[in-house]
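The next block is my_file02.txt, given as compact mmCIF, C-alpha atoms.
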```txt
# COMPACT_ATOMS: atom_id res chain seq x y z
CA MET A 1 23.70 152.35 -102.46
CA ASP A 2 21.52 153.97 -99.88
CA PRO A 3 23.02 157.46 -99.17
CA ILE A 4 22.35 157.09 -95.45
CA VAL A 5 23.32 153.45 -94.87
CA GLY A 6 26.32 153.54 -97.31
CA PRO A 7 28.95 155.49 -95.28
CA PHE A 8 27.94 153.65 -92.09
CA ASP A 9 28.27 150.32 -93.87
CA ARG A 10 31.75 151.24 -95.14
CA LEU A 11 32.88 152.34 -91.70
CA ILE A 12 31.79 149.07 -90.07
CA GLU A 13 33.43 147.11 -92.89
CA SER A 14 36.79 148.88 -92.51
CA LEU A 15 36.72 148.47 -88.73
CA SER A 16 36.08 144.74 -88.89
CA ARG A 17 38.76 144.29 -91.57
CA THR A 18 41.29 146.13 -89.39
CA VAL A 19 40.45 143.92 -86.42
CA ALA A 20 40.74 140.81 -88.61
CA ARG A 21 44.15 141.91 -89.95
CA ARG A 22 45.66 142.76 -86.58
CA THR A 23 44.51 139.86 -84.47
CA SER A 24 44.87 136.11 -84.81
CA ARG A 25 42.47 133.47 -83.56
CA ARG A 26 45.33 131.31 -82.23
CA GLY A 27 46.84 134.34 -80.48
CA PHE A 28 43.60 134.89 -78.66
CA LEU A 29 43.49 131.20 -77.72
CA GLN A 30 47.05 131.33 -76.36
CA ARG A 31 46.55 134.45 -74.34
CA GLY A 32 43.23 133.19 -73.05
CA SER A 33 44.69 129.83 -72.00
CA ALA A 34 47.70 131.50 -70.36
CA TRP A 35 45.32 133.53 -68.23
CA LEU A 36 43.33 130.39 -67.51
CA VAL A 37 46.42 128.52 -66.24
CA ALA A 38 47.63 131.51 -64.21
CA ALA A 39 44.22 131.99 -62.66
CA SER A 40 43.89 128.32 -61.73
CA ALA A 41 47.40 128.40 -60.16
CA MET A 42 46.49 131.37 -57.96
CA PRO A 43 44.58 129.42 -55.29
CA LEU A 44 47.68 127.21 -54.80
CA LEU A 45 49.76 130.17 -53.63
CA PRO A 46 50.18 130.15 -49.85
CA ALA A 47 48.79 133.64 -49.48
CA ALA A 48 46.93 134.22 -46.23
CA ARG A 49 43.27 133.58 -46.80
CA PRO A 50 41.51 135.18 -43.89
CA VAL A 51 38.33 133.70 -42.55
CA HIS A 52 35.96 136.08 -44.22
CA ALA A 53 33.02 137.27 -42.26
CA ALA A 54 29.72 135.78 -43.32
CA ASP A 55 28.01 137.58 -46.19
CA PRO A 56 25.97 140.52 -45.07
CA PRO A 57 22.32 139.57 -44.61
CA ALA A 58 19.63 141.08 -46.81
CA GLY A 59 19.09 143.82 -44.22
CA GLY A 60 22.38 145.47 -45.26
CA LYS A 61 24.23 145.51 -41.92
CA PRO A 62 27.26 143.17 -41.84
CA ALA A 63 26.88 140.00 -39.78
CA ARG A 64 28.30 140.10 -36.25
CA LYS A 65 30.76 137.24 -36.27
CA TYR A 66 32.42 137.79 -32.90
CA ALA A 67 31.07 139.01 -29.59
CA SER A 68 33.73 141.75 -29.77
CA ALA A 69 32.64 144.75 -31.83
CA PHE A 70 36.30 145.66 -32.36
CA ALA A 71 37.19 142.21 -33.76
CA ASN A 72 34.34 142.41 -36.28
CA ARG A 73 36.02 145.32 -38.05
CA ALA A 74 39.66 144.51 -37.22
CA GLN A 75 42.47 143.66 -39.67
CA THR A 76 45.83 141.87 -39.20
CA THR A 77 47.97 143.52 -41.87
CA ASP A 78 48.52 147.20 -41.08
CA PRO A 79 49.79 148.07 -37.56
CA THR A 80 49.61 151.80 -38.32
CA GLN A 81 45.79 151.73 -38.34
CA CYS A 82 43.58 151.96 -35.27
CA ASN A 83 41.66 148.83 -36.30
CA TYR A 84 44.77 146.58 -36.28
CA TRP A 85 43.54 143.64 -34.20
CA ARG A 86 45.99 143.97 -31.28
CA TYR A 87 44.83 147.52 -30.47
CA CYS A 88 41.42 146.45 -29.10
CA SER A 89 42.28 148.02 -25.71
CA SER A 90 45.01 150.49 -26.69
CA ASP A 91 44.57 154.11 -25.70
CA GLY A 92 47.17 156.54 -27.01
CA TYR A 93 49.59 157.08 -29.88
CA LEU A 94 50.60 154.00 -31.87
CA CYS A 95 54.32 153.23 -31.60
CA ALA A 96 54.06 151.78 -35.14
CA CYS A 97 53.45 155.38 -36.36
CA CYS A 98 56.26 156.83 -34.21
CA GLY A 99 59.33 154.97 -35.50
CA GLY A 100 58.72 151.71 -33.63
CA GLY A 101 56.48 148.74 -34.27
CA PRO A 102 53.34 147.29 -32.72
CA SER A 103 55.55 145.55 -30.13
CA THR A 104 58.74 147.61 -30.25
CA CYS A 105 59.62 151.04 -28.93
CA PRO A 106 60.94 153.85 -31.15
CA PRO A 107 64.67 154.64 -30.76
CA GLY A 108 65.33 156.94 -27.81
CA THR A 109 62.48 155.58 -25.70
CA THR A 110 62.46 152.70 -23.22
CA PRO A 111 59.79 150.04 -22.87
CA SER A 112 58.14 150.22 -19.46
CA PRO A 113 58.97 147.18 -17.30
CA THR A 114 55.31 147.12 -16.23
CA SER A 115 52.26 146.91 -18.44
CA TRP A 116 48.66 145.88 -18.32
CA VAL A 117 47.50 142.74 -20.03
CA GLY A 118 44.31 142.54 -22.03
CA SER A 119 42.97 140.13 -24.61
CA CYS A 120 41.97 140.59 -28.25
CA ILE A 121 40.36 138.29 -30.83
CA ASN A 122 42.37 137.77 -34.02
CA PRO A 123 39.78 138.17 -36.79
CA ASP A 124 41.61 135.76 -39.14
CA ASP A 125 41.65 132.68 -36.91
CA GLY A 126 39.00 133.67 -34.35
CA LYS A 127 41.32 132.83 -31.44
CA THR A 128 41.86 134.97 -28.37
CA TYR A 129 45.37 136.23 -27.63
CA LEU A 130 46.72 138.01 -24.58
CA ILE A 131 48.26 141.39 -25.37
CA ALA A 132 50.62 143.38 -23.13
CA TYR A 133 49.92 147.10 -23.45
CA ARG A 134 53.36 148.43 -22.74
CA ASP A 135 54.03 152.15 -22.96
CA CYS A 136 57.28 153.49 -24.38
CA CYS A 137 58.64 156.15 -22.06
CA GLY A 138 61.31 158.84 -21.86
CA GLN A 139 60.39 161.21 -24.72
CA ASP A 140 57.53 163.68 -25.17
CA SER A 141 54.23 162.45 -26.59
CA CYS A 142 54.60 161.23 -30.16
CA GLY A 143 51.29 162.72 -31.28
CA ARG A 144 50.74 160.47 -34.31
CA CYS A 145 47.92 157.93 -34.82
CA SER A 146 45.85 158.58 -31.73
CA CYS A 147 43.61 155.56 -31.14
CA LEU A 148 41.16 154.52 -28.46
CA GLY A 149 40.22 150.86 -28.07
CA GLN A 150 38.14 150.03 -25.04
CA GLU A 151 37.69 146.26 -24.96
CA GLY A 152 37.98 145.09 -21.37
CA ASP A 153 39.00 148.55 -20.21
CA MET A 154 37.88 149.14 -16.61
CA PRO A 155 37.44 152.39 -14.67
CA SER A 156 40.56 153.73 -12.99
CA TYR A 157 39.56 152.27 -9.60
CA ARG A 158 40.62 148.98 -11.22
CA PRO A 159 44.00 150.39 -12.25
CA GLN A 160 45.47 147.03 -13.33
CA VAL A 161 43.12 146.98 -16.30
CA ASN A 162 42.75 150.67 -17.05
CA ASN A 163 44.22 152.27 -20.14
CA ASP A 164 44.00 155.93 -19.09
CA ILE A 165 46.97 155.36 -16.82
CA VAL A 166 50.48 156.14 -18.01
CA TRP A 167 52.09 152.71 -17.81
CA CYS A 168 55.66 153.83 -17.20
CA PHE A 169 55.97 152.47 -13.62
CA GLY A 170 59.48 151.25 -12.94
CA SER A 171 60.83 152.99 -16.01
CA SER A 172 63.56 155.62 -15.66
CA SER A 173 61.12 158.29 -16.80
CA MET A 174 57.36 158.70 -16.33
CA VAL A 175 57.10 160.74 -19.58
CA TYR A 176 54.77 158.93 -22.00
CA HIS A 177 55.72 158.67 -25.68
CA CYS A 178 53.55 155.98 -27.32
CA SER A 179 51.69 152.69 -26.72
CA SER A 180 52.82 149.27 -27.90
CA ALA A 181 50.86 146.04 -28.00
CA GLY A 182 53.03 142.94 -27.62
CA LEU A 183 51.77 139.38 -27.98
CA VAL A 184 51.90 137.56 -24.64
CA GLY A 185 50.09 134.31 -25.20
CA LEU A 186 47.42 132.27 -26.91
CA VAL A 187 44.31 131.48 -24.90
CA ASP A 188 42.44 128.70 -26.72
CA MET B 189 55.54 136.50 -86.10
CA GLY B 190 52.76 137.89 -83.92
CA THR B 191 51.61 134.35 -83.28
CA MET B 192 55.10 133.30 -82.17
CA ALA B 193 55.41 136.29 -79.86
CA SER B 194 52.12 135.62 -78.16
CA LEU B 195 53.00 131.91 -77.97
CA ARG B 196 56.17 132.80 -76.11
CA ALA B 197 54.31 135.21 -73.88
CA GLY B 198 51.79 132.51 -73.01
CA ALA B 199 54.54 129.99 -72.24
CA CYS B 200 56.36 132.50 -70.04
CA ALA B 201 53.21 133.29 -68.10
CA THR B 202 52.56 129.58 -67.52
CA LEU B 203 56.18 128.92 -66.51
CA GLY B 204 56.16 131.97 -64.25
CA ALA B 205 53.08 130.74 -62.44
CA CYS B 206 54.66 127.31 -61.92
CA LEU B 207 57.96 128.80 -60.67
CA CYS B 208 56.06 131.00 -58.30
CA VAL B 209 54.27 127.99 -56.81
CA ALA B 210 57.55 126.03 -56.59
CA ALA B 211 59.34 128.94 -54.86
CA SER B 212 56.61 129.36 -52.29
CA VAL B 213 56.66 125.63 -51.50
CA ALA B 214 60.45 125.77 -51.01
CA GLN B 215 60.15 128.83 -48.72
CA SER B 216 57.63 127.17 -46.39
CA ASP B 217 60.22 124.70 -45.04
CA PRO B 218 60.72 126.28 -41.55
CA PRO B 219 57.51 126.07 -39.48
CA PRO B 220 55.52 129.23 -40.17
CA THR B 221 53.88 131.31 -37.46
CA ASN B 222 50.57 130.11 -36.04
CA VAL B 223 49.40 133.68 -35.44
CA PRO B 224 47.83 135.31 -38.49
CA ASP B 225 49.48 138.72 -38.23
CA ALA B 226 51.65 141.04 -40.35
CA ILE B 227 54.54 141.03 -37.84
CA THR B 228 54.55 137.36 -36.83
CA ARG B 229 54.58 136.32 -40.50
CA GLN B 230 58.08 137.83 -40.62
CA SER B 231 59.25 136.71 -37.16
CA GLY B 232 57.81 133.18 -37.41
CA LEU B 233 56.58 133.44 -33.81
CA ARG B 234 54.72 130.37 -32.56
CA LEU B 235 52.50 130.49 -29.49
CA GLU B 236 51.29 127.47 -27.54
CA PRO B 237 47.96 127.67 -25.71
CA MET B 238 48.35 128.72 -22.06
CA SER B 239 47.06 126.72 -19.11
CA ARG B 240 44.05 128.17 -17.30
CA PRO B 241 45.90 129.33 -14.15
CA ALA B 242 48.69 130.81 -16.27
CA ARG B 243 46.05 132.78 -18.17
CA ILE B 244 44.43 134.04 -14.95
CA TYR B 245 47.87 135.09 -13.69
CA ALA B 246 48.74 136.75 -17.01
CA LEU B 247 45.52 138.77 -17.16
CA ASN B 248 45.52 139.88 -13.51
CA CYS B 249 49.06 139.83 -12.12
CA GLN B 250 51.70 139.50 -14.82
CA GLY B 251 51.66 143.11 -16.05
CA CYS B 252 53.34 144.23 -12.81
CA HIS B 253 54.79 141.05 -11.25
CA GLY B 254 56.30 139.85 -14.54
CA HIS B 255 55.86 136.56 -16.37
CA LEU B 256 58.73 135.05 -14.36
CA GLY B 257 57.46 136.38 -11.04
CA VAL B 258 60.15 139.07 -10.90
CA SER B 259 59.79 142.73 -11.85
CA VAL B 260 61.18 146.15 -10.93
CA PRO B 261 62.46 146.60 -7.32
CA GLU B 262 59.40 148.49 -6.05
CA ILE B 263 57.06 145.64 -7.00
CA PRO B 264 57.47 142.69 -4.61
CA ALA B 265 58.99 139.68 -6.33
CA LEU B 266 57.00 136.45 -6.15
CA ALA B 267 59.73 134.10 -7.35
CA GLY B 268 61.64 132.44 -4.51
CA ARG B 269 59.48 134.26 -1.94
CA ILE B 270 55.76 133.57 -1.77
CA GLY B 271 56.33 130.01 -0.54
CA TYR B 272 57.71 131.39 2.76
CA PHE B 273 54.39 133.08 3.55
CA VAL B 274 52.34 129.87 3.48
CA ARG B 275 54.63 128.34 6.14
CA ILE B 276 52.51 129.98 8.89
CA PRO B 277 48.67 130.33 9.05
CA GLU B 278 48.65 134.16 9.16
CA GLY B 279 50.96 134.22 6.11
CA ARG B 280 48.69 131.81 4.30
CA ARG B 281 45.80 134.22 4.94
CA TYR B 282 47.88 137.27 3.97
CA ILE B 283 48.56 135.98 0.43
CA VAL B 284 44.80 135.98 -0.19
CA GLN B 285 44.06 139.21 1.66
CA VAL B 286 46.46 141.53 -0.17
CA PRO B 287 44.11 143.98 -1.92
CA ASN B 288 44.84 143.04 -5.53
CA VAL B 289 44.02 139.39 -4.80
CA ALA B 290 41.10 139.90 -2.39
CA LEU B 291 39.41 142.58 -4.53
CA ASN B 292 40.20 141.05 -7.91
CA PRO B 293 37.13 140.46 -10.12
CA SER B 294 38.11 136.78 -10.56
CA SER B 295 36.01 134.06 -8.91
CA ASP B 296 37.09 132.20 -5.76
CA GLU B 297 37.76 129.11 -7.91
CA ASP B 298 39.98 131.09 -10.29
CA ILE B 299 41.93 132.73 -7.45
CA ALA B 300 42.50 129.34 -5.75
CA GLU B 301 43.69 127.78 -8.98
CA MET B 302 45.96 130.73 -9.81
CA LEU B 303 47.51 130.93 -6.31
CA ASN B 304 48.22 127.18 -6.19
CA TRP B 305 49.80 127.41 -9.64
CA ALA B 306 51.86 130.53 -8.76
CA LEU B 307 53.14 129.00 -5.48
CA VAL B 308 54.35 125.86 -7.24
CA THR B 309 55.61 127.66 -10.35
CA TYR B 310 57.48 130.53 -8.70
CA SER B 311 58.34 129.30 -5.22
CA ARG B 312 58.25 125.50 -5.05
CA ALA B 313 61.50 125.32 -3.06
CA GLN B 314 60.11 127.55 -0.27
CA LEU B 315 56.83 125.67 0.22
CA PRO B 316 56.46 123.90 3.58
CA PRO B 317 56.40 120.10 3.56
CA GLY B 318 52.82 118.86 3.22
CA PHE B 319 51.56 122.14 1.70
CA ARG B 320 47.76 121.99 1.30
CA PRO B 321 46.54 123.73 -1.86
CA TYR B 322 43.98 126.52 -1.39
CA THR B 323 40.34 125.63 -1.99
CA ALA B 324 37.73 127.98 -3.47
CA GLU B 325 35.84 127.84 -0.16
CA GLU B 326 38.92 129.00 1.76
CA ILE B 327 39.55 131.85 -0.70
CA GLY B 328 35.90 132.96 -0.48
CA ARG B 329 36.14 133.09 3.31
CA LEU B 330 39.56 134.80 3.53
CA ARG B 331 39.07 137.45 0.86
CA LYS B 332 36.18 139.05 2.78
CA GLU B 333 38.56 140.42 5.45
CA ARG B 334 40.21 143.80 4.82
CA ILE B 335 43.72 144.25 6.21
CA ASP B 336 46.26 147.04 6.68
CA VAL B 337 48.69 145.61 4.18
CA ASN B 338 51.96 147.17 5.32
CA ALA B 339 51.36 146.59 9.04
CA ARG B 340 50.19 143.01 8.49
CA ARG B 341 53.14 142.26 6.27
CA ARG B 342 55.62 143.51 8.91
CA GLN B 343 53.94 141.33 11.56
CA ILE B 344 54.16 138.26 9.35
CA VAL B 345 57.78 138.81 8.38
CA ASP B 346 58.71 139.29 12.07
CA ARG B 347 56.88 136.07 12.98
CA LEU B 348 58.59 134.13 10.15
CA LEU B 349 61.98 135.42 11.37
CA ALA B 350 61.21 134.55 15.03
CA LEU B 351 60.22 131.04 13.99
CA LYS B 352 63.35 130.79 11.82
CA GLN B 353 61.19 130.07 8.77
CA VAL B 354 63.10 132.64 6.67
CA PRO B 355 66.91 132.68 6.38
CA SER B 356 67.09 136.49 6.81
CA ALA B 357 64.95 139.66 6.71
CA LYS B 358 66.65 140.58 3.43
CA VAL B 359 64.92 137.71 1.62
CA LEU B 360 61.48 139.34 2.01
CA ALA B 361 62.55 143.01 1.94
CA ILE B 362 60.79 145.43 -0.41
CA ALA B 363 62.74 148.28 -1.99
CA PRO B 364 61.41 151.76 -1.29
CA ALA B 365 59.40 153.20 -4.17
CA ALA B 366 61.50 155.07 -6.72
CA ARG B 367 61.15 158.84 -7.03
CA TYR B 368 59.97 159.92 -10.45
```

Before anything else, please render the file you have as structure tokens.
Amino acid sequence: MDPIVGPFDRLIESLSRTVARRTSRRGFLQRGSAWLVAASAMPLLPAARPVHAADPPAGGKPARKYASAFANRAQTTDPTQCNYWRYCSSDGYLCACCGGGPSTCPPGTTPSPTSWVGSCINPDDGKTYLIAYRDCCGQDSCGRCSCLGQEGDMPSYRPQVNNDIVWCFGSSSMVYHCSSAGLVGLVD
Amino acid sequence: MGTMASLRAGACATLGACLCVAASVAQSDPPPTNVPDAITRQSGLRLEPMSRPARIYALNCQGCHGHLGVSVPEIPALAGRIGYFVRIPEGRRYIVQVPNVALNPSSDEDIAEMLNWALVTYSRAQLPPGFRPYTAEEIGRLRKERIDVNARRRQIVDRLLALKQVPSAKVLAIAPAARY
């Protein structure tokens, strides 16, 4: 036998024999078909299938699906992130990072009876919802997850729709803790 | 042996997938939320589309005046009140000339629609018989005039009391602003 090819030949032979001994053709078929069935069942699951943005054009930049720049990069699953869809006009610390939720105040703070109302596009259904930006008051600033959304935000001479203002009017304390974003209504 | 094991594994995977589908179908019995959102998926919140005037009110007035037309004491309540003002011509003008209505970025048409809706929604019982709804033309004309809000309001309340159009001064009283 060729002194160079010989050892290589024997190695390949032993490898293929090992594979042949340890595996079965039917076993492969069963595993393969199990995966096939599982994979075909997946689309039946009622998991949320968001309306995905159109594929990016050849230019590289992602397509602008909505007129709102915020909505084009927003998500609906994680309220502790600045790009959670309801925060399109929120300016301040997220209550969801401070022991509360996107529409609930952390323990020890009180929701302000007054708020300002803005509107955000939900990126998954493309509909516009009204959001009440209600500050939670009565404790020092939370300091976590500082976010600045500026959709529809107006200068402070239009105070009803300005997010630089501490919205604790009517609350027992004007001390700002965090910002919540409650759902108020569906527009279209 | 190995064949049997993988057979069983394959069967389990298939059965598991089927059970999973069955379980999810059973769970979807109560109507699910119509808002695609992490929180509403748990709460099952359903929102119906708002009417146009309700939306104009919500975006421009509701934050302070409340969705029921009642809020904290220092913000004048609308519910059970605003209908009294349109009982006399100067009161009808006043409702449009308060700064946050007159200077609002909304169009004359939107303001007219919102005011007519708010009057009927929050203060139907106080409306005078034969109440004429505001028109956009009327709003456009009235909102140009700037008024001294507090002085004008006192005049109108006095006039309503003199004409016995309001049961008592208490009905239209505003609480002094709270000290913070």

Within 12 Å of Asp346 in chain B using all atoms listed in the file, minus same-chain residues under 3 positions, as an mmCIF file with C-alpha atoms, keeping the file's coordinate frame:
```cif
data_model
loop_
_atom_site.group_PDB
_atom_site.id
_atom_site.type_symbol
_atom_site.label_atom_id
_atom_site.label_comp_id
_atom_site.auth_asym_id
_atom_site.auth_seq_id
_atom_site.Cartn_x
_atom_site.Cartn_y
_atom_site.Cartn_z
ATOM 1 C CA PHE B 273 54.390 133.080 3.550
ATOM 2 C CA ILE B 276 52.510 129.980 8.890
ATOM 3 C CA GLU B 278 48.650 134.160 9.160
ATOM 4 C CA GLY B 279 50.960 134.220 6.110
ATOM 5 C CA ALA B 339 51.360 146.590 9.040
ATOM 6 C CA ARG B 340 50.190 143.010 8.490
ATOM 7 C CA ARG B 341 53.140 142.260 6.270
ATOM 8 C CA ARG B 342 55.620 143.510 8.910
ATOM 9 C CA GLN B 343 53.940 141.330 11.560
ATOM 10 C CA LEU B 349 61.980 135.420 11.370
ATOM 11 C CA ALA B 350 61.210 134.550 15.030
ATOM 12 C CA LEU B 351 60.220 131.040 13.990
ATOM 13 C CA LYS B 352 63.350 130.790 11.820
ATOM 14 C CA GLN B 353 61.190 130.070 8.770
ATOM 15 C CA VAL B 354 63.100 132.640 6.670
ATOM 16 C CA PRO B 355 66.910 132.680 6.380
ATOM 17 C CA SER B 356 67.090 136.490 6.810
ATOM 18 C CA ALA B 357 64.950 139.660 6.710
ATOM 19 C CA LYS B 358 66.650 140.580 3.430
ATOM 20 C CA LEU B 360 61.480 139.340 2.010
ATOM 21 C CA ALA B 361 62.550 143.010 1.940
#
```

Pull out every residue of chain A sitting within 6 Å of chain B, counting all atoms listed in the file, and send them as a VMD selection string. chain A and resid 27 30 to 31 34 38 45 76 to 77 114 to 117 170 186 to 188

What is the CA of Arg320 in chain B-CA of Gly257 in chain B distance in Å, reported with one decimal? 21.3 Å

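Ranking B:Ala290, B:Ala300, B:Leu256, B:Ile270 by their shortest atom-to-atom distance to Ala324 in chain B, with only C-alpha atoms included, puts B:Ala300 first.
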
Set the distance at 9 Å and use only C-alpha atoms: which residues neighbour Cys88 in chain A once local chain neighbours fewer than 3 positions away are removed? I'd like the list as a ChimeraX atom specification. /A:70-71,74,82-85,91,118-121,148-152

Top pick for closest residue to Tyr310 in chain B, considering B:Pro287, B:Pro219, B:Gly271, B:Pro241 and counting only C-alpha atoms: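 Of all the options, B:Gly271 lies closest to Tyr310 in chain B.
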
Using CA of Tyr87 in chain A and CA of Ala181 in chain A as the two end points, give the distance in Å to one decimal.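 These atoms are spaced 6.7 Å apart.
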
Atomic separation - CA of Ile283 in chain B relative to CA of Pro113 in chain A, Å: 23.4 Å

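Polymer residues near (40.5, 125.5, 1.5): counting all atoms listed in the file with a cut-off of 12 Å, they are Arg280, Arg281, Val284, Asp296, Glu297, Ile299, Ala300, Glu301, Leu303, Asn304, Phe319, Arg320, Pro321, Tyr322, Thr323, Ala324, Glu325, Glu326, Ile327, Gly328, Arg329 and Leu330 of chain B.
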
Could you write out that same residue set with C-alpha atoms as a tab-separated table (two decimals), keeping the file's coordinate frame?
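Wrote again-v3.tsv, looks like this:
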```tsv
chain	number	residue	atom	x	y	z
B	280	ARG	CA	48.69	131.81	4.30
B	281	ARG	CA	45.80	134.22	4.94
B	284	VAL	CA	44.80	135.98	-0.19
B	296	ASP	CA	37.09	132.20	-5.76
B	297	GLU	CA	37.76	129.11	-7.91
B	299	ILE	CA	41.93	132.73	-7.45
B	300	ALA	CA	42.50	129.34	-5.75
B	301	GLU	CA	43.69	127.78	-8.98
B	303	LEU	CA	47.51	130.93	-6.31
B	304	ASN	CA	48.22	127.18	-6.19
B	319	PHE	CA	51.56	122.14	1.70
B	320	ARG	CA	47.76	121.99	1.30
B	321	PRO	CA	46.54	123.73	-1.86
B	322	TYR	CA	43.98	126.52	-1.39
B	323	THR	CA	40.34	125.63	-1.99
B	324	ALA	CA	37.73	127.98	-3.47
B	325	GLU	CA	35.84	127.84	-0.16
B	326	GLU	CA	38.92	129.00	1.76
B	327	ILE	CA	39.55	131.85	-0.70
B	328	GLY	CA	35.90	132.96	-0.48
B	329	ARG	CA	36.14	133.09	3.31
B	330	LEU	CA	39.56	134.80	3.53
```

Nearest residue to Arg73 in chain A out of A:Ser90, A:Asn122, A:Ser171, A:Ser16, using all atoms listed in the file? A:Asn122

Do a neighbour search on Gly108 in chain A at 12 Å with only C-alpha atoms, toss out local chain neighbours closer than 6 positions, and write the hits as a VMD selection string. chain A and resid 98 to 100 136 to 140 142 173 177 to 178

Tell me which of A:Ser141, A:Ser24, A:Gln81, A:Ser89 sits closest to Ala69 in chain A, counting only C-alpha atoms.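 Distance minimum relative to Ala69 in chain A lands on A:Ser89.
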
Using only C-alpha atoms, find the one residue out of B:Ile362, B:Val274, B:Ser294, B:Val289 that sits nearest to Pro316 in chain B. B:Val274

Point out the residue among A:Ser180, A:Ser156, A:Asn72, A:Thr18 with the least atom-to-atom distance to Thr104 in chain A, counting all atoms listed in the file. A:Ser180

First collect every listed atom of range 95-106 of chain A; then fit an axis-aligned box around them, widen it by 3 Å on each side, and give centre and edge lengths in Å to one decimal, as JSON.
```
{"center_x": 57.1, "center_y": 151.2, "center_z": -32.6, "size_x": 13.6, "size_y": 17.3, "size_z": 13.4}
```
